[in-house]
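**Student:** Okay, here's the structure, questions in a sec.
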Amino acid sequence: YLLRKYQEVQAKIRKQSPSYAAITQPQPLTLKQIQTQILDDDTLLLQYALGKKRSFLWAVTKNSITSHQLPPKTLIEKIVKEFRLTVTDRRVDPSFLVETSKSLYQIILAPVASQLKDRRLAIVSDGILHYIPFAAISLPTTSSEANYLPLISKHEIVNLPSASTLSILRRDTQQRKTAPKTIAIIADPIFSPDDTRLETAVSTHSENWEQYNLNSAARQIDVGIWQRLPYTRTEAEAILALLPNSETISHFDFAANRTQVINSQLNQYRIIHFATHGLLNSINPELSGIVLSMVDPQGNLLNGFLRLHDVFNLDFSADLVVLSACQTGLGKQIRGEGLVGLTRGFMYAGTPRVLVSLWNIDDAATSEIMSRFYRLMLKEKLSPTEALRKAQLEMVSETSWKAPYYWAAFTLQGEWSEGVRE
């Protein structure tokens, strides 16, 4: 049912909007277009293509291009899986992290080592490379340096679904008016009838077809019961404290629901922040979405699933959408065009950049990195890419947060060239 509904919505949007196809299946740009429309003097574009017999990496600057042959996809996948296991383990043995990280560097970055310099890296991944945080790959180190020197210590990093997508986003947002207010936060929803915030007994007869679809979509990817994420409230309140009330809106508890997101005036806000579970279904990406309140104050069960086709139907004027949820950065490959799923959905809905996580980071660590990210962006006026890098470096320098598990999950997809507008 959900799959059919998604396909119907896709067909309808395609008819009504040429920019839908442009975002989801963009026509490749020529080299000259990439160099003149996308790149600046400080940015190096790295585009990967993984193949059965051999893989390739193209490194493009404003006035040059080099091509490099890489090993077959199977070898790259083996090393990526080892690296991903180390960075998603909070108790990782530092020597194992260094070993797997440097192995990966040798294969996917060493061929362009002389071009990296101190440039910003704009990365168009392919296949399994979508699943790794380039920020955590270790650069080669000298005897006077620490053994582990993450890529972000020298480089700002941004991920692109494709160069073409960024070109379209720039074109579509260039003339758009700036949204009048700063941030809308949707956080700490009510997932269960057993939640202590619910005073009345739940009405068990009201479970609907949407609830069934959410549960089955979750089971497909081994997600069980939706647990409350207590730190999401702490995270949200710390962000709200940075701004006057007149610049913010927040939807907590019962109000963090699907209706508020679809019907509310979220297009009045420059940043939209979801502090809740993300459901990424890599078997059927169309069944991916964001999990919101599933119970109303009277105890009736609600459709709490903001599905991918809902996201495509949103109308945002946001400069940034943050999904500080779980595993919201992974999607299925379609025609080598890179990430499909919530990232492109939100880009189509109107935002040129999306901050997503690549694995299920614990919510205390999420709260920590988000607090730092927003302080740097809102108070120190850094761009989102600069703010993310600086927040990650702050955590790397502190003993309790230095394992990549805590800081490396978040990646910025999309535009880097300017900050969130005033």
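Going by the structure tokens order, chains are called A, B, ..., each with residues numbered from 1, while ligands are numbered from 1 in the order shown.
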Can you pull out the residues contacting stretch 156-172 of chain A? Cut-off 6 Å, using only C-alpha atoms, and skip same-chain residues under 5 positions away; I want them as a PyMOL selection string.
**Tutor:** chain A and resi 23+26+28-29+120-124+338-339+352+412-414
**Student:** List the spatial neighbours of A:Ser293 as number ranges by chain - criterion: any atom at most 6 Å away, only C-alpha atoms, same-chain residues fewer than 3 positions off excluded.
**Tutor:** A: 189-191, 254, 256-257, 304
**Student:** Considering only C-alpha atoms, can you say which of A:Ser64, A:Ser417, A:Thr276, A:Ser192 comes closest to A:Pro384?
**Tutor:**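 The closest residue to A:Pro384 is A:Ser417.
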**Student:** Can you tell me how far atom CA of A:Asp195 sits from atom CA of A:Ser357, in Å to one decimal?
**Tutor:**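 Pair atom CA of A:Asp195 / atom CA of A:Ser357 returns 26.0 Å.
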**Student:** If we count only C-alpha atoms, what is near A:Arg258 at a cut-off of 12 Å, once residues fewer than 3 positions away on the same chain are taken out, given as a PDB file with C-alpha atoms, in the first residue's frame?
**Tutor:**
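Written out: out_0.pdb:
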ATOM      1  CA  ILE A 186      10.204  19.246  16.534  1.00  0.00           C
ATOM      2  CA  ALA A 187      11.409  17.127  19.437  1.00  0.00           C
ATOM      3  CA  PRO A 189       7.513  12.935  20.581  1.00  0.00           C
ATOM      4  CA  ILE A 190       5.360  10.342  22.338  1.00  0.00           C
ATOM      5  CA  GLU A 210      -0.501   3.663   8.735  1.00  0.00           C
ATOM      6  CA  HIS A 251       6.692  21.363  19.159  1.00  0.00           C
ATOM      7  CA  PHE A 252       7.293  18.894  21.998  1.00  0.00           C
ATOM      8  CA  ASP A 253       5.437  15.827  23.308  1.00  0.00           C
ATOM      9  CA  PHE A 254       1.979  15.395  21.716  1.00  0.00           C
ATOM     10  CA  ALA A 255       2.559  18.486  19.559  1.00  0.00           C
ATOM     11  CA  VAL A 261       4.884  19.322  10.310  1.00  0.00           C
ATOM     12  CA  ILE A 262       2.573  19.087   7.299  1.00  0.00           C
ATOM     13  CA  ASN A 263       0.106  21.857   8.163  1.00  0.00           C
ATOM     14  CA  SER A 264       2.107  24.269  10.274  1.00  0.00           C
ATOM     15  CA  PHE A 274      13.964  17.234  13.945  1.00  0.00           C
ATOM     16  CA  GLY A 289      10.725   8.595   7.121  1.00  0.00           C
ATOM     17  CA  ILE A 290      10.738  10.414  10.440  1.00  0.00           C
ATOM     18  CA  VAL A 291       8.894   9.058  13.467  1.00  0.00           C
ATOM     19  CA  LEU A 292       6.713  11.601  15.294  1.00  0.00           C
ATOM     20  CA  SER A 293       4.093  11.365  18.068  1.00  0.00           C
ATOM     21  CA  MET A 294       1.986   8.230  17.716  1.00  0.00           C
ATOM     22  CA  VAL A 295      -0.519   8.991  20.482  1.00  0.00           C
ATOM     23  CA  ASP A 296      -2.789  11.989  21.108  1.00  0.00           C
ATOM     24  CA  LEU A 302      -2.120   8.418  15.513  1.00  0.00           C
ATOM     25  CA  ASN A 303      -0.287   8.082  12.247  1.00  0.00           C
ATOM     26  CA  GLY A 304       3.113   9.246  13.511  1.00  0.00           C
ATOM     27  CA  PHE A 305       5.096   8.471  10.393  1.00  0.00           C
ATOM     28  CA  LEU A 306       6.307  11.329   8.178  1.00  0.00           C
ATOM     29  CA  ARG A 307       7.022   9.254   5.090  1.00  0.00           C
ATOM     30  CA  ASP A 310       5.141  13.400   2.718  1.00  0.00           C
ATOM     31  CA  VAL A 311       8.589  15.012   2.700  1.00  0.00           C
ATOM     32  CA  LEU A 314       6.446  19.786   2.027  1.00  0.00           C
TER      33      LEU A 314
END
**Student:** Where does stretch 307-390 of chain A meet stretch 239-245 of chain A within 9 Å, residue by residue, with the nearest atom pair and distance in Å to one decimal for each, counting only C-alpha atoms, listed by chain and rising number, as CSV?
**Tutor:**
residue,atom,partner,partner_atom,distance
A:Met370,CA,A:Ile239,CA,7.9
A:Ser371,CA,A:Ile239,CA,6.2
A:Tyr374,CA,A:Ile239,CA,6.5
A:Arg375,CA,A:Leu242,CA,7.2
A:Leu378,CA,A:Leu242,CA,7.5
A:Lys379,CA,A:Leu242,CA,7.6
**Student:** Give me every strand (DSSP E) residue in stretch 246-332 of chain A, going by DSSP on the backbone, as a PyMOL selection string.
**Tutor:** chain A and resi 248-253+269-275+278-279+289-291+305-307+320-323
**Student:** Quick one: write out the picked residues with N, CA and C atoms as a PDB file, in the first residue's frame?
**Tutor:**
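See again-v7.pdb below for the written result:
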ATOM      1  N   THR A 248      11.736  31.740  17.464  1.00  0.00           N
ATOM      2  CA  THR A 248      11.674  30.276  17.490  1.00  0.00           C
ATOM      3  C   THR A 248      10.240  29.778  17.628  1.00  0.00           C
ATOM      4  N   ILE A 249      10.066  28.505  17.266  1.00  0.00           N
ATOM      5  CA  ILE A 249       8.839  27.796  17.614  1.00  0.00           C
ATOM      6  C   ILE A 249       9.269  26.372  17.962  1.00  0.00           C
ATOM      7  N   SER A 250       8.604  25.769  18.931  1.00  0.00           N
ATOM      8  CA  SER A 250       8.962  24.396  19.294  1.00  0.00           C
ATOM      9  C   SER A 250       7.706  23.559  19.480  1.00  0.00           C
ATOM     10  N   HIS A 251       7.780  22.331  18.996  1.00  0.00           N
ATOM     11  CA  HIS A 251       6.692  21.363  19.159  1.00  0.00           C
ATOM     12  C   HIS A 251       7.258  20.158  19.903  1.00  0.00           C
ATOM     13  N   PHE A 252       6.856  20.019  21.173  1.00  0.00           N
ATOM     14  CA  PHE A 252       7.293  18.894  21.998  1.00  0.00           C
ATOM     15  C   PHE A 252       6.107  17.957  22.265  1.00  0.00           C
ATOM     16  N   ASP A 253       6.442  16.771  22.785  1.00  0.00           N
ATOM     17  CA  ASP A 253       5.437  15.827  23.308  1.00  0.00           C
ATOM     18  C   ASP A 253       4.359  15.534  22.249  1.00  0.00           C
ATOM     19  N   TYR A 269      10.492  29.557   8.771  1.00  0.00           N
ATOM     20  CA  TYR A 269      11.725  29.387   9.548  1.00  0.00           C
ATOM     21  C   TYR A 269      12.904  28.992   8.662  1.00  0.00           C
ATOM     22  N   ARG A 270      14.067  29.569   9.011  1.00  0.00           N
ATOM     23  CA  ARG A 270      15.273  29.333   8.219  1.00  0.00           C
ATOM     24  C   ARG A 270      15.957  28.008   8.556  1.00  0.00           C
ATOM     25  N   ILE A 271      15.707  27.505   9.769  1.00  0.00           N
ATOM     26  CA  ILE A 271      16.266  26.205  10.176  1.00  0.00           C
ATOM     27  C   ILE A 271      15.111  25.367  10.712  1.00  0.00           C
ATOM     28  N   ILE A 272      15.059  24.109  10.288  1.00  0.00           N
ATOM     29  CA  ILE A 272      14.054  23.185  10.821  1.00  0.00           C
ATOM     30  C   ILE A 272      14.803  21.985  11.381  1.00  0.00           C
ATOM     31  N   HIS A 273      14.570  21.733  12.668  1.00  0.00           N
ATOM     32  CA  HIS A 273      15.358  20.741  13.398  1.00  0.00           C
ATOM     33  C   HIS A 273      14.443  19.632  13.917  1.00  0.00           C
ATOM     34  N   PHE A 274      14.705  18.403  13.468  1.00  0.00           N
ATOM     35  CA  PHE A 274      13.964  17.234  13.945  1.00  0.00           C
ATOM     36  C   PHE A 274      14.833  16.472  14.935  1.00  0.00           C
ATOM     37  N   ALA A 275      14.415  16.461  16.217  1.00  0.00           N
ATOM     38  CA  ALA A 275      15.140  15.699  17.236  1.00  0.00           C
ATOM     39  C   ALA A 275      14.283  14.488  17.612  1.00  0.00           C
ATOM     40  N   GLY A 278      14.818   8.666  13.162  1.00  0.00           N
ATOM     41  CA  GLY A 278      14.663   8.559  11.715  1.00  0.00           C
ATOM     42  C   GLY A 278      14.591   7.084  11.360  1.00  0.00           C
ATOM     43  N   LEU A 279      13.753   6.766  10.425  1.00  0.00           N
ATOM     44  CA  LEU A 279      13.646   5.378   9.969  1.00  0.00           C
ATOM     45  C   LEU A 279      14.192   5.315   8.556  1.00  0.00           C
ATOM     46  N   GLY A 289      11.442   7.432   6.612  1.00  0.00           N
ATOM     47  CA  GLY A 289      10.725   8.595   7.121  1.00  0.00           C
ATOM     48  C   GLY A 289      11.193   8.996   8.505  1.00  0.00           C
ATOM     49  N   ILE A 290      10.432   9.893   9.105  1.00  0.00           N
ATOM     50  CA  ILE A 290      10.738  10.414  10.440  1.00  0.00           C
ATOM     51  C   ILE A 290       9.578  10.029  11.356  1.00  0.00           C
ATOM     52  N   VAL A 291       9.923   9.550  12.551  1.00  0.00           N
ATOM     53  CA  VAL A 291       8.894   9.058  13.467  1.00  0.00           C
ATOM     54  C   VAL A 291       8.519  10.169  14.446  1.00  0.00           C
ATOM     55  N   PHE A 305       4.012   8.748  11.328  1.00  0.00           N
ATOM     56  CA  PHE A 305       5.096   8.471  10.393  1.00  0.00           C
ATOM     57  C   PHE A 305       5.105   9.516   9.279  1.00  0.00           C
ATOM     58  N   LEU A 306       6.126  10.378   9.275  1.00  0.00           N
ATOM     59  CA  LEU A 306       6.307  11.329   8.178  1.00  0.00           C
ATOM     60  C   LEU A 306       7.108  10.607   7.100  1.00  0.00           C
ATOM     61  N   ARG A 307       6.403  10.112   6.089  1.00  0.00           N
ATOM     62  CA  ARG A 307       7.022   9.254   5.090  1.00  0.00           C
ATOM     63  C   ARG A 307       7.719  10.067   4.019  1.00  0.00           C
ATOM     64  N   LEU A 320      18.435  25.321   6.093  1.00  0.00           N
ATOM     65  CA  LEU A 320      19.036  24.114   6.677  1.00  0.00           C
ATOM     66  C   LEU A 320      17.950  23.275   7.338  1.00  0.00           C
ATOM     67  N   VAL A 321      17.961  21.977   7.049  1.00  0.00           N
ATOM     68  CA  VAL A 321      17.159  21.011   7.810  1.00  0.00           C
ATOM     69  C   VAL A 321      18.130  20.098   8.544  1.00  0.00           C
ATOM     70  N   VAL A 322      17.905  19.892   9.832  1.00  0.00           N
ATOM     71  CA  VAL A 322      18.747  19.012  10.638  1.00  0.00           C
ATOM     72  C   VAL A 322      17.924  17.792  11.040  1.00  0.00           C
ATOM     73  N   LEU A 323      18.453  16.612  10.732  1.00  0.00           N
ATOM     74  CA  LEU A 323      17.840  15.360  11.166  1.00  0.00           C
ATOM     75  C   LEU A 323      18.794  14.764  12.191  1.00  0.00           C
TER      76      LEU A 323
END
**Student:** One decimal, in Å: what's the spacing between atom CA of A:Ala236 and atom CA of A:Gly299?
**Tutor:**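 So the answer is 24.9 Å.
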**Student:** Just asking: which residues within stretch 330-409 of chain A are helix (DSSP H, G or I) according to DSSP, as a VMD selection string?
**Tutor:** chain A and resid 342 to 349 363 to 379 384 to 396 399 to 401 404 to 407
**Student:** Between A:Ile107, A:Leu97, A:Ile361, A:Leu129, which residue has the minimum interatomic distance to A:Leu149, considering only C-alpha atoms?
**Tutor:**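 Under the stated criterion, the closest residue is A:Leu97.
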